[in-house]
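Source file: run-v2.pdb; contents: PDB, C-alpha atoms.
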```pdb
ATOM      1  CA  MET A 239     117.424  43.496  91.446
ATOM      2  CA  ASP A 240     121.099  44.072  92.144
ATOM      3  CA  SER A 241     122.684  47.470  91.721
ATOM      4  CA  ILE A 242     124.642  46.624  88.543
ATOM      5  CA  SER A 243     121.572  45.842  86.467
ATOM      6  CA  LEU A 244     119.666  48.703  88.092
ATOM      7  CA  ILE A 245     122.357  51.243  87.181
ATOM      8  CA  GLY A 246     122.770  49.792  83.695
ATOM      9  CA  MET A 247     119.030  49.944  83.064
ATOM     10  CA  ALA A 248     118.671  53.474  84.408
ATOM     11  CA  SER A 249     121.667  54.718  82.383
ATOM     12  CA  ILE A 250     120.509  53.291  79.078
ATOM     13  CA  ILE A 251     116.899  54.390  79.469
ATOM     14  CA  SER A 252     117.827  57.880  80.567
ATOM     15  CA  ALA A 253     120.441  58.199  77.786
ATOM     16  CA  GLY A 254     117.734  57.445  75.232
ATOM     17  CA  LEU A 255     115.293  59.829  76.865
ATOM     18  CA  THR A 256     117.958  62.553  77.083
ATOM     19  CA  ILE A 257     118.791  62.612  73.400
ATOM     20  CA  GLY A 258     115.201  61.910  72.326
ATOM     21  CA  ILE A 259     113.566  64.693  74.286
ATOM     22  CA  GLY A 260     116.545  66.984  73.961
ATOM     23  CA  ALA A 261     116.466  66.886  70.164
ATOM     24  CA  ILE A 262     112.866  68.136  69.946
ATOM     25  CA  GLY A 263     113.461  71.721  71.000
ATOM     26  CA  PRO A 264     116.544  72.440  68.868
ATOM     27  CA  ALA A 265     114.895  70.760  65.857
ATOM     28  CA  LEU A 266     111.867  73.044  66.080
ATOM     29  CA  GLY A 267     114.082  76.054  66.689
ATOM     30  CA  GLU A 268     116.410  75.324  63.792
ATOM     31  CA  GLY A 269     113.463  74.730  61.485
ATOM     32  CA  ARG A 270     111.987  78.109  62.355
ATOM     33  CA  ALA A 271     115.358  79.840  62.027
ATOM     34  CA  VAL A 272     116.113  78.355  58.611
ATOM     35  CA  ALA A 273     112.615  79.097  57.329
ATOM     36  CA  GLN A 274     112.913  82.704  58.458
ATOM     37  CA  GLY A 275     116.427  82.987  56.994
ATOM     38  CA  LEU A 276     115.279  81.676  53.613
ATOM     39  CA  ALA A 277     112.347  84.077  53.620
ATOM     40  CA  SER A 278     114.734  86.956  54.347
ATOM     41  CA  ILE A 279     117.074  85.887  51.540
ATOM     42  CA  ALA A 280     114.116  85.707  49.159
ATOM     43  CA  GLN A 281     113.097  89.233  50.149
ATOM     44  CA  GLN A 282     116.576  90.729  50.092
ATOM     45  CA  PRO A 283     118.945  88.711  47.886
ATOM     46  CA  ASP A 284     121.615  91.421  48.185
ATOM     47  CA  GLU A 285     122.075  90.700  51.866
ATOM     48  CA  THR A 286     122.604  86.967  51.318
ATOM     49  CA  ASN A 287     126.150  86.980  52.700
ATOM     50  CA  SER A 288     125.460  88.561  56.041
ATOM     51  CA  ILE A 289     122.149  86.704  56.474
ATOM     52  CA  THR A 290     123.841  83.384  55.812
ATOM     53  CA  ARG A 291     126.664  84.127  58.235
ATOM     54  CA  THR A 292     124.342  85.199  61.014
ATOM     55  CA  LEU A 293     122.110  82.217  60.286
ATOM     56  CA  PHE A 294     125.017  79.786  60.636
ATOM     57  CA  VAL A 295     126.186  81.324  63.884
ATOM     58  CA  GLY A 296     122.641  81.261  65.226
ATOM     59  CA  LEU A 297     122.173  77.668  64.136
ATOM     60  CA  ALA A 298     125.372  76.712  65.967
ATOM     61  CA  MET A 299     124.033  78.386  69.098
ATOM     62  CA  ILE A 300     120.693  76.554  68.836
ATOM     63  CA  GLU A 301     122.339  73.290  67.952
ATOM     64  CA  SER A 302     124.627  73.411  70.960
ATOM     65  CA  THR A 303     121.695  72.597  73.259
ATOM     66  CA  ALA A 304     121.182  69.347  71.335
ATOM     67  CA  ILE A 305     124.921  68.725  71.492
ATOM     68  CA  TYR A 306     124.853  69.082  75.281
ATOM     69  CA  CYS A 307     122.155  66.412  75.433
ATOM     70  CA  PHE A 308     124.195  64.201  73.135
ATOM     71  CA  VAL A 309     127.321  64.590  75.267
ATOM     72  CA  VAL A 310     125.364  63.772  78.411
ATOM     73  CA  SER A 311     123.891  60.624  76.849
ATOM     74  CA  MET A 312     127.338  59.576  75.569
ATOM     75  CA  ILE A 313     128.732  60.001  79.083
ATOM     76  CA  LEU A 314     125.841  57.947  80.476
ATOM     77  CA  ILE A 315     126.565  55.098  78.081
ATOM     78  CA  PHE A 316     130.348  55.087  77.633
ATOM     79  CA  ALA A 317     131.860  56.868  80.641
ATOM     80  CA  ASN A 318     129.319  56.427  83.406
ATOM     81  CA  PRO A 319     131.045  57.157  86.756
ATOM     82  CA  PHE A 320     128.435  55.248  88.822
ATOM     83  CA  TRP A 321     128.780  52.180  86.634
ATOM     84  CA  ASP A 322     132.590  52.205  87.019
ATOM     85  CA  HIS A 323     132.207  52.634  90.774
ATOM     86  CA  VAL A 324     129.835  49.702  91.111
ATOM     87  CA  ILE A 325     132.003  47.477  88.901
ATOM     88  CA  GLN A 326     135.064  48.290  90.997
ATOM     89  CA  ALA A 327     133.237  47.785  94.284
ATOM     90  CA  GLY A 328     131.752  44.477  93.059
ATOM     91  CA  GLY A 329     134.881  43.108  91.428
TER      92      GLY A 329
ATOM     93  CA  MET B 164     142.716  50.155  60.615
ATOM     94  CA  ASP B 165     140.980  52.024  63.364
ATOM     95  CA  PHE B 166     142.573  52.704  66.716
ATOM     96  CA  MET B 167     139.412  54.059  68.248
ATOM     97  CA  GLN B 168     137.275  51.410  69.900
ATOM     98  CA  LEU B 169     133.541  51.821  70.220
ATOM     99  CA  GLY B 170     133.809  52.177  73.983
ATOM    100  CA  ASP B 171     136.344  55.017  73.941
ATOM    101  CA  ILE B 172     134.726  58.397  74.310
ATOM    102  CA  SER B 173     137.887  60.409  73.767
ATOM    103  CA  PRO B 174     141.249  59.926  72.015
ATOM    104  CA  ASP B 175     142.870  60.687  75.385
ATOM    105  CA  GLN B 176     142.148  57.071  76.321
ATOM    106  CA  ILE B 177     144.309  55.662  73.518
ATOM    107  CA  VAL B 178     147.839  55.548  74.883
ATOM    108  CA  PHE B 179     150.615  54.827  72.429
ATOM    109  CA  TRP B 180     153.573  54.930  74.774
ATOM    110  CA  GLN B 181     153.963  55.272  78.510
ATOM    111  CA  TRP B 182     157.000  55.813  80.699
ATOM    112  CA  GLY B 183     156.315  56.389  84.367
ATOM    113  CA  TRP B 184     153.766  59.190  84.626
ATOM    114  CA  ILE B 185     154.554  60.490  81.165
ATOM    115  CA  SER B 186     152.135  59.107  78.633
ATOM    116  CA  LEU B 187     151.824  59.823  74.950
ATOM    117  CA  ASN B 188     148.185  59.585  73.958
ATOM    118  CA  ALA B 189     146.535  59.920  70.573
ATOM    119  CA  THR B 190     145.495  63.531  71.167
ATOM    120  CA  ILE B 191     149.054  64.726  71.674
ATOM    121  CA  VAL B 192     150.441  62.679  68.780
ATOM    122  CA  PHE B 193     147.856  63.881  66.270
ATOM    123  CA  THR B 194     147.947  67.491  67.494
ATOM    124  CA  TRP B 195     151.676  67.585  66.853
ATOM    125  CA  GLY B 196     151.103  65.792  63.559
ATOM    126  CA  VAL B 197     148.648  68.467  62.428
ATOM    127  CA  MET B 198     150.987  71.206  63.618
ATOM    128  CA  ALA B 199     153.933  69.695  61.746
ATOM    129  CA  PHE B 200     151.779  69.292  58.648
ATOM    130  CA  MET B 201     150.691  72.941  58.740
ATOM    131  CA  VAL B 202     154.158  74.331  59.452
ATOM    132  CA  LEU B 203     155.888  72.190  56.832
ATOM    133  CA  GLY B 204     153.176  72.869  54.262
ATOM    134  CA  SER B 205     153.284  76.631  54.782
ATOM    135  CA  TRP B 206     157.088  76.605  54.709
ATOM    136  CA  LEU B 207     157.191  74.635  51.478
ATOM    137  CA  ILE B 208     154.618  76.912  49.845
ATOM    138  CA  THR B 209     155.999  80.248  51.018
ATOM    139  CA  ARG B 210     159.585  79.253  50.181
ATOM    140  CA  LYS B 211     159.292  80.627  46.691
ATOM    141  CA  LEU B 212     156.589  83.268  46.493
ATOM    142  CA  SER B 213     156.106  85.320  43.383
ATOM    143  CA  SER B 214     154.313  88.611  42.893
ATOM    144  CA  GLY B 215     154.239  88.349  39.102
ATOM    145  CA  PRO B 216     151.402  86.995  36.963
ATOM    146  CA  GLU B 217     152.791  83.439  37.222
ATOM    147  CA  LEU B 218     151.544  81.987  40.514
ATOM    148  CA  SER B 219     152.186  78.500  41.714
ATOM    149  CA  ARG B 220     148.941  76.690  42.424
ATOM    150  CA  TRP B 221     149.601  76.305  46.140
ATOM    151  CA  GLN B 222     150.424  79.976  46.574
ATOM    152  CA  ASN B 223     147.049  80.637  44.978
ATOM    153  CA  VAL B 224     145.362  78.350  47.545
ATOM    154  CA  LEU B 225     146.972  80.180  50.453
ATOM    155  CA  GLU B 226     146.134  83.583  48.984
ATOM    156  CA  VAL B 227     142.478  82.602  48.598
ATOM    157  CA  LEU B 228     142.396  81.315  52.200
ATOM    158  CA  VAL B 229     144.051  84.350  53.759
ATOM    159  CA  GLY B 230     142.069  86.757  51.609
ATOM    160  CA  GLY B 231     138.811  85.042  52.532
ATOM    161  CA  MET B 232     139.653  85.162  56.237
ATOM    162  CA  ARG B 233     140.558  88.859  55.980
ATOM    163  CA  ASN B 234     137.234  89.629  54.300
ATOM    164  CA  GLN B 235     135.216  87.698  56.872
ATOM    165  CA  ILE B 236     136.993  89.401  59.785
ATOM    166  CA  GLN B 237     136.502  92.753  58.095
ATOM    167  CA  ASP B 238     132.771  92.059  57.771
ATOM    168  CA  ILE B 239     132.321  91.010  61.381
ATOM    169  CA  ALA B 240     134.579  93.477  63.170
ATOM    170  CA  GLN B 241     133.790  96.418  60.852
ATOM    171  CA  GLU B 242     137.441  97.418  61.030
ATOM    172  CA  ASP B 243     140.815  96.488  59.610
ATOM    173  CA  PRO B 244     141.628  92.803  60.293
ATOM    174  CA  GLY B 245     145.133  93.717  61.469
ATOM    175  CA  SER B 246     146.200  91.657  64.436
ATOM    176  CA  TYR B 247     142.910  89.729  64.647
ATOM    177  CA  LEU B 248     143.916  87.780  61.550
ATOM    178  CA  TYR B 249     146.798  85.995  63.289
ATOM    179  CA  PHE B 250     144.735  84.701  66.174
ATOM    180  CA  ILE B 251     141.447  83.962  64.409
ATOM    181  CA  GLY B 252     143.163  82.638  61.310
ATOM    182  CA  THR B 253     145.308  80.267  63.353
ATOM    183  CA  LEU B 254     142.277  78.931  65.204
ATOM    184  CA  PHE B 255     140.342  78.478  61.979
ATOM    185  CA  LEU B 256     143.117  76.735  60.062
ATOM    186  CA  PHE B 257     144.070  74.431  62.919
ATOM    187  CA  ILE B 258     140.491  73.298  63.531
ATOM    188  CA  LEU B 259     139.752  73.031  59.814
ATOM    189  CA  ILE B 260     142.775  70.893  59.028
ATOM    190  CA  SER B 261     142.437  68.662  62.056
ATOM    191  CA  ASN B 262     138.777  68.084  61.144
ATOM    192  CA  LEU B 263     139.322  67.507  57.435
ATOM    193  CA  LEU B 264     142.216  65.058  57.807
ATOM    194  CA  PHE B 265     139.718  62.707  59.426
ATOM    195  CA  ILE B 266     138.945  61.125  56.037
ATOM    196  CA  PHE B 267     142.320  59.349  56.254
ATOM    197  CA  PRO B 268     142.037  55.926  57.879
ATOM    198  CA  GLY B 269     143.820  55.606  61.200
ATOM    199  CA  TYR B 270     143.717  59.331  61.853
ATOM    200  CA  ILE B 271     141.853  60.532  64.932
ATOM    201  CA  ALA B 272     140.892  64.189  64.983
ATOM    202  CA  PRO B 273     142.476  65.857  68.030
ATOM    203  CA  THR B 274     139.384  68.071  68.170
ATOM    204  CA  ALA B 275     137.379  64.976  69.182
ATOM    205  CA  SER B 276     139.019  65.292  72.597
ATOM    206  CA  LEU B 277     137.593  67.655  75.188
ATOM    207  CA  SER B 278     141.140  68.618  76.260
ATOM    208  CA  THR B 279     141.999  70.111  72.859
ATOM    209  CA  THR B 280     138.748  72.006  72.478
ATOM    210  CA  ALA B 281     138.941  73.249  76.074
ATOM    211  CA  ALA B 282     142.463  74.533  75.399
ATOM    212  CA  LEU B 283     141.279  76.352  72.280
ATOM    213  CA  ALA B 284     138.299  77.827  74.129
ATOM    214  CA  ILE B 285     140.568  78.986  76.968
ATOM    215  CA  CYS B 286     142.748  80.743  74.372
ATOM    216  CA  VAL B 287     139.639  82.639  73.246
ATOM    217  CA  PHE B 288     138.695  83.313  76.878
ATOM    218  CA  ALA B 289     142.142  84.874  77.423
ATOM    219  CA  ALA B 290     142.218  86.719  74.108
ATOM    220  CA  VAL B 291     138.963  88.623  74.734
ATOM    221  CA  PRO B 292     140.300  90.696  77.683
ATOM    222  CA  ILE B 293     143.703  91.098  75.990
ATOM    223  CA  TYR B 294     142.219  92.628  72.839
ATOM    224  CA  GLY B 295     139.651  94.541  74.914
ATOM    225  CA  ILE B 296     142.300  96.095  77.159
ATOM    226  CA  LEU B 297     144.577  96.853  74.203
ATOM    227  CA  SER B 298     141.863  98.846  72.484
ATOM    228  CA  ARG B 299     140.001 100.405  75.445
ATOM    229  CA  GLY B 300     142.356 100.396  78.425
ATOM    230  CA  VAL B 301     141.889  98.458  81.663
ATOM    231  CA  LEU B 302     139.142 100.672  83.102
ATOM    232  CA  GLY B 303     137.309 100.956  79.818
ATOM    233  CA  TYR B 304     137.305  97.190  79.486
ATOM    234  CA  LEU B 305     136.216  96.519  83.076
ATOM    235  CA  ARG B 306     133.470  99.111  82.787
ATOM    236  CA  GLN B 307     131.569  97.004  80.298
ATOM    237  CA  TYR B 308     130.889  94.456  83.032
ATOM    238  CA  VAL B 309     128.752  96.942  84.971
ATOM    239  CA  ARG B 310     126.675  97.887  81.963
ATOM    240  CA  PRO B 311     123.802  98.630  81.803
ATOM    241  CA  THR B 312     123.653  98.545  85.629
ATOM    242  CA  PRO B 313     126.027  97.156  88.288
ATOM    243  CA  LEU B 314     123.279  94.612  89.046
ATOM    244  CA  MET B 315     124.254  92.839  85.836
ATOM    245  CA  LEU B 316     127.827  92.173  87.016
ATOM    246  CA  PRO B 317     127.333  88.531  88.070
ATOM    247  CA  PHE B 318     125.384  87.740  84.909
ATOM    248  CA  ASN B 319     128.074  89.226  82.706
ATOM    249  CA  VAL B 320     130.745  87.185  84.480
ATOM    250  CA  ILE B 321     128.674  83.991  84.258
ATOM    251  CA  GLY B 322     127.982  84.700  80.600
ATOM    252  CA  GLU B 323     131.701  85.001  79.936
ATOM    253  CA  LEU B 324     132.405  81.647  81.595
ATOM    254  CA  SER B 325     129.458  79.756  80.121
ATOM    255  CA  ARG B 326     130.177  80.832  76.572
ATOM    256  CA  THR B 327     133.714  79.470  76.951
ATOM    257  CA  LEU B 328     132.252  76.165  78.115
ATOM    258  CA  ALA B 329     129.760  76.217  75.245
ATOM    259  CA  LEU B 330     132.538  76.872  72.733
ATOM    260  CA  ALA B 331     134.530  73.884  73.977
ATOM    261  CA  VAL B 332     131.627  71.443  74.296
ATOM    262  CA  ARG B 333     130.098  72.419  70.928
ATOM    263  CA  LEU B 334     133.230  71.596  68.954
ATOM    264  CA  PHE B 335     133.948  68.465  70.993
ATOM    265  CA  GLY B 336     130.369  67.214  70.718
ATOM    266  CA  ASN B 337     130.135  67.719  66.976
ATOM    267  CA  ILE B 338     133.411  66.065  66.054
ATOM    268  CA  MET B 339     133.074  63.288  68.623
ATOM    269  CA  SER B 340     129.535  62.531  67.440
ATOM    270  CA  GLY B 341     130.780  62.331  63.858
ATOM    271  CA  MET B 342     133.434  59.769  64.800
ATOM    272  CA  LYS B 343     131.051  57.855  67.029
ATOM    273  CA  ILE B 344     128.378  57.640  64.333
ATOM    274  CA  ALA B 345     130.967  56.427  61.825
ATOM    275  CA  ALA B 346     132.146  53.751  64.271
ATOM    276  CA  ILE B 347     128.605  52.608  65.073
ATOM    277  CA  LEU B 348     127.639  52.458  61.396
ATOM    278  CA  LEU B 349     130.772  50.454  60.604
ATOM    279  CA  ALA B 350     129.537  47.879  63.097
ATOM    280  CA  VAL B 351     125.951  47.875  61.779
ATOM    281  CA  ILE B 352     126.106  48.550  57.991
ATOM    282  CA  PRO B 353     129.764  48.261  56.968
ATOM    283  CA  LEU B 354     129.142  48.790  53.236
ATOM    284  CA  ILE B 355     128.956  52.194  51.472
ATOM    285  CA  PHE B 356     126.678  53.938  53.947
ATOM    286  CA  PRO B 357     129.511  54.990  56.333
ATOM    287  CA  VAL B 358     131.083  56.830  53.357
ATOM    288  CA  VAL B 359     128.025  59.072  53.196
ATOM    289  CA  MET B 360     128.371  59.861  56.878
ATOM    290  CA  GLN B 361     132.089  60.573  56.385
ATOM    291  CA  ALA B 362     131.196  63.044  53.628
ATOM    292  CA  LEU B 363     128.709  64.634  55.999
ATOM    293  CA  GLY B 364     131.520  64.732  58.574
ATOM    294  CA  LEU B 365     133.605  66.837  56.169
ATOM    295  CA  LEU B 366     130.766  69.348  55.925
ATOM    296  CA  THR B 367     130.258  69.416  59.699
ATOM    297  CA  GLY B 368     133.987  69.804  60.281
ATOM    298  CA  THR B 369     134.233  72.796  57.951
ATOM    299  CA  ILE B 370     131.152  74.462  59.399
ATOM    300  CA  GLN B 371     132.333  73.908  62.966
ATOM    301  CA  ALA B 372     135.762  75.410  62.201
ATOM    302  CA  TYR B 373     134.041  78.403  60.614
ATOM    303  CA  ILE B 374     131.640  78.793  63.532
ATOM    304  CA  PHE B 375     134.408  78.551  66.128
ATOM    305  CA  ALA B 376     136.382  81.270  64.360
ATOM    306  CA  VAL B 377     133.337  83.489  63.810
ATOM    307  CA  LEU B 378     132.210  83.188  67.426
ATOM    308  CA  ALA B 379     135.722  83.975  68.695
ATOM    309  CA  MET B 380     135.752  87.023  66.437
ATOM    310  CA  VAL B 381     132.298  88.119  67.590
ATOM    311  CA  TYR B 382     133.331  87.858  71.246
ATOM    312  CA  ILE B 383     136.523  89.841  70.632
ATOM    313  CA  ALA B 384     134.671  92.412  68.569
ATOM    314  CA  SER B 385     132.062  92.895  71.288
ATOM    315  CA  ALA B 386     134.844  93.618  73.775
ATOM    316  CA  THR B 387     136.573  96.144  71.502
ATOM    317  CA  ARG B 388     133.754  97.735  69.584
ATOM    318  CA  ALA B 389     131.910  99.944  72.118
ATOM    319  CA  GLN B 390     134.833 102.362  72.301
ATOM    320  CA  LYS B 391     134.751 103.000  68.578
ATOM    321  CA  GLU B 392     131.013 103.643  68.609
ATOM    322  CA  LYS B 393     131.503 106.310  71.259
ATOM    323  CA  GLU B 394     134.257 107.944  69.218
ATOM    324  CA  ARG B 395     131.965 107.970  66.226
ATOM    325  CA  GLU B 396     129.257 109.751  68.208
ATOM    326  CA  ASN B 397     131.700 112.406  69.426
ATOM    327  CA  ASN B 398     133.170 113.341  66.062
ATOM    328  CA  PRO B 399     131.098 111.796  63.307
ATOM    329  CA  GLU B 400     133.250 112.924  60.342
ATOM    330  CA  LYS B 401     136.408 111.282  61.620
ATOM    331  CA  GLY B 402     134.573 108.161  62.757
ATOM    332  CA  GLU B 403     133.018 107.548  59.352
ATOM    333  CA  ASN B 404     136.394 107.587  57.631
ATOM    334  CA  SER B 405     138.273 105.326  59.978
TER     335      SER B 405
END
```
Could you show the structure in this file as structure tokens?
Amino acid sequence: MDSISLIGMASIISAGLTIGIGAIGPALGEGRAVAQGLASIAQQPDETNSITRTLFVGLAMIESTAIYCFVVSMILIFANPFWDHVIQAGG
Amino acid sequence: MDFMQLGDISPDQIVFWQWGWISLNATIVFTWGVMAFMVLGSWLITRKLSSGPELSRWQNVLEVLVGGMRNQIQDIAQEDPGSYLYFIGTLFLFILISNLLFIFPGYIAPTASLSTTAALAICVFAAVPIYGILSRGVLGYLRQYVRPTPLMLPFNVIGELSRTLALAVRLFGNIMSGMKIAAILLAVIPLIFPVVMQALGLLTGTIQAYIFAVLAMVYIASATRAQKEKERENNPEKGENS
């Protein structure tokens, strides 16, 4: 197998694996965080504002791990440096 | 009409005009567009302000926005918004407007480019020591790096750098993924369904602007707050009032 198809195959498979596996952890974490936040709001409705704000900031923190995976898989598909190198060397 | 091709990962790659090494890409054009929009809009609205019971509707919009930002900053920093409002408010409004305008066809959000978000994150990175030194002095600010022990110095420095990176990549990733998903859906299911994702993009854009501003405020507050807590311990009566 020549290097172009090898690199293309490896990039696409690993991009899928990156976002697939990388979404599991943040999804579980966000689910737990939201469930806990809703329980807290149900217990203390007066504190809704500050709970919601902290919840959103926390969710953004958790979500950023998934976003890193997404950015890496986007780079693998659309802006892969190895792919460009091989194309230039071949062409 | 959509300038952004499926293969472009950033609006930096769309070049409108090039002369020698000077190139005018979509990020620069739309950043200046958003800036002109904000400046002109604010100028038009604040041209005739009234303090009487008769408010123009746009003055009301601006008052709600500024008042809301003041309240949020007050809640987070536990002190008078003062000079934080200018910095945090500018960040929030710029990101919010550049995200929300993305419902217009042909517009590309400048925040979908890593250069814009990195610039904004570097502004926050620079603002944290500035506000910290203004409120606690140079030594007082530097001392927080060796807390609780000097062993933590490298971790504090790395934390400072990595949160700047996280700030930039979070905003970039969210907005870019919104545009990318819209582009992919347009190729797969061109009817109706992309509209739903665009509506979701409005929600994401607002939340991301809010989160960027809140995180910047939290970072600044953590650099300025410790001093005030110490003052409060020393003379509790005065600290409670201020």
Task: Expected answer as a list of chain:residue names: chain B residues within 10 Å of chain A, all atoms listed in the file - done: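 Therefore, the residues near the partner are B:Leu169, B:Gly170, B:Asp171, B:Ile172, B:Ser173, B:Gln235, B:Asp238, B:Ile239, B:Arg326, B:Ala329, B:Leu330, B:Val332, B:Arg333, B:Leu334, B:Phe335, B:Gly336, B:Asn337, B:Met339, B:Ser340, B:Lys343, B:Ile370, B:Gln371, B:Tyr373, B:Ile374, B:Phe375, B:Val377, B:Leu378, B:Val381.
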Quick one: residues within 9 Å of Ile279 of chain A, all atoms listed in the file, excluding same-chain residues fewer than 5 positions away - as a PDB file with C-alpha atoms, keeping the file's coordinate frame?
```
ATOM      1  CA  GLN A 274     112.913  82.704  58.458  1.00  0.00           C
ATOM      2  CA  ASP A 284     121.615  91.421  48.185  1.00  0.00           C
ATOM      3  CA  GLU A 285     122.075  90.700  51.866  1.00  0.00           C
ATOM      4  CA  THR A 286     122.604  86.967  51.318  1.00  0.00           C
ATOM      5  CA  ILE A 289     122.149  86.704  56.474  1.00  0.00           C
ATOM      6  CA  THR A 290     123.841  83.384  55.812  1.00  0.00           C
TER       7      THR A 290
END
```
Open item on the list: Quick check, in Å to one decimal: how far apart do atom CA of Gly364 of chain B and atom CA of Ile383 of chain B lie?
Closed with: 28.3 Å
TODO: Could you expand the PyMOL selection byres ((chain B and resi 283) around 12) into the explicit residues it covers here, written as a ChimeraX atom specification?
DONE: /B:250-251,253-255,257-258,273-274,276-282,284-290,327-335,372,375-376,379
Open item on the list: Just to confirm, what's the straight-line distance from atom CA of Leu266 of chain A to atom CA of Ile251 of chain A in Å (one decimal)?
Closed with: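 The value is 23.5 Å.
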- [ ] Would you work out the distance separating atom CA of Asp175 of chain B from atom CA of Asn318 of chain A, expressed in Å to one decimal?
- [x] 16.3 Å
TODO: Go through B:Phe318, B:Val309, B:Phe200, B:Pro268 one by one, measure the shortest atom-to-atom distance of each to Ala346 of chain B using all atoms listed in the file, and give the residue with the smallest value.
DONE: B:Pro268
Task: Within 10 Å of file point (145.1, 85.5, 55.2), counting all atoms listed in the file, expressed as a VMD selection string - done: chain B and resid 225 to 234 244 248 to 249 252 to 253
Open item on the list: Between B:Ile177, B:Leu259, B:Ile208, B:Leu324, which residue has the minimum interatomic distance to Arg220 of chain B, considering all atoms listed in the file?
Closed with: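 With all atoms listed in the file as the atom set, the closest residue is B:Ile208.
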TODO: Can you give me, as a PyMOL selection string, the residues this file yields under the PyMOL selection byres ((chain B and resi 293) around 12)?
DONE: chain B and resi 246-247+250+286-292+294-301+304-305+382-384+386-387
TODO: Write out as an MDAnalysis selection string which residues come within 12 Å of Ile325 of chain A when counting only C-alpha atoms, dropping same-chain ones fewer than 5 positions away.
DONE: chainID A and resid 240:243 245:246 318:320
Is it possible to produce a file of segment 207-247 of chain B from this structure, with C-alpha atoms, as a PDB file, in the first residue's frame?
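Written file, out_12.pdb:
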```pdb
ATOM      1  CA  LEU B 207     -26.573  56.290  16.551  1.00  0.00           C
ATOM      2  CA  ILE B 208     -28.271  55.147  19.757  1.00  0.00           C
ATOM      3  CA  THR B 209     -26.354  57.318  22.210  1.00  0.00           C
ATOM      4  CA  ARG B 210     -26.664  60.403  19.988  1.00  0.00           C
ATOM      5  CA  LYS B 211     -29.888  61.428  21.635  1.00  0.00           C
ATOM      6  CA  LEU B 212     -30.160  59.967  25.115  1.00  0.00           C
ATOM      7  CA  SER B 213     -32.943  60.976  27.429  1.00  0.00           C
ATOM      8  CA  SER B 214     -33.231  60.638  31.182  1.00  0.00           C
ATOM      9  CA  GLY B 215     -36.964  61.347  31.261  1.00  0.00           C
ATOM     10  CA  PRO B 216     -39.774  58.786  31.263  1.00  0.00           C
ATOM     11  CA  GLU B 217     -39.827  58.716  27.438  1.00  0.00           C
ATOM     12  CA  LEU B 218     -37.091  56.313  26.324  1.00  0.00           C
ATOM     13  CA  SER B 219     -36.357  55.375  22.776  1.00  0.00           C
ATOM     14  CA  ARG B 220     -36.550  51.628  22.295  1.00  0.00           C
ATOM     15  CA  TRP B 221     -32.884  51.236  21.401  1.00  0.00           C
ATOM     16  CA  GLN B 222     -31.733  53.191  24.434  1.00  0.00           C
ATOM     17  CA  ASN B 223     -33.797  50.737  26.455  1.00  0.00           C
ATOM     18  CA  VAL B 224     -31.977  47.805  24.797  1.00  0.00           C
ATOM     19  CA  LEU B 225     -28.571  49.249  25.642  1.00  0.00           C
ATOM     20  CA  GLU B 226     -29.615  50.041  29.209  1.00  0.00           C
ATOM     21  CA  VAL B 227     -30.815  46.468  29.733  1.00  0.00           C
ATOM     22  CA  LEU B 228     -27.538  45.109  28.302  1.00  0.00           C
ATOM     23  CA  VAL B 229     -25.244  47.333  30.344  1.00  0.00           C
ATOM     24  CA  GLY B 230     -27.315  46.890  33.484  1.00  0.00           C
ATOM     25  CA  GLY B 231     -27.288  43.116  33.079  1.00  0.00           C
ATOM     26  CA  MET B 232     -23.519  43.071  32.582  1.00  0.00           C
ATOM     27  CA  ARG B 233     -23.020  45.269  35.660  1.00  0.00           C
ATOM     28  CA  ASN B 234     -25.141  42.919  37.770  1.00  0.00           C
ATOM     29  CA  GLN B 235     -23.319  39.813  36.565  1.00  0.00           C
ATOM     30  CA  ILE B 236     -19.898  41.361  37.229  1.00  0.00           C
ATOM     31  CA  GLN B 237     -21.101  42.500  40.634  1.00  0.00           C
ATOM     32  CA  ASP B 238     -22.209  38.948  41.446  1.00  0.00           C
ATOM     33  CA  ILE B 239     -18.955  37.338  40.374  1.00  0.00           C
ATOM     34  CA  ALA B 240     -16.415  39.853  41.645  1.00  0.00           C
ATOM     35  CA  GLN B 241     -18.347  40.719  44.832  1.00  0.00           C
ATOM     36  CA  GLU B 242     -17.346  44.341  44.345  1.00  0.00           C
ATOM     37  CA  ASP B 243     -18.250  47.390  42.307  1.00  0.00           C
ATOM     38  CA  PRO B 244     -18.018  46.656  38.551  1.00  0.00           C
ATOM     39  CA  GLY B 245     -16.089  49.886  37.962  1.00  0.00           C
ATOM     40  CA  SER B 246     -13.339  49.437  35.429  1.00  0.00           C
ATOM     41  CA  TYR B 247     -14.043  45.721  34.895  1.00  0.00           C
TER      42      TYR B 247
END
```
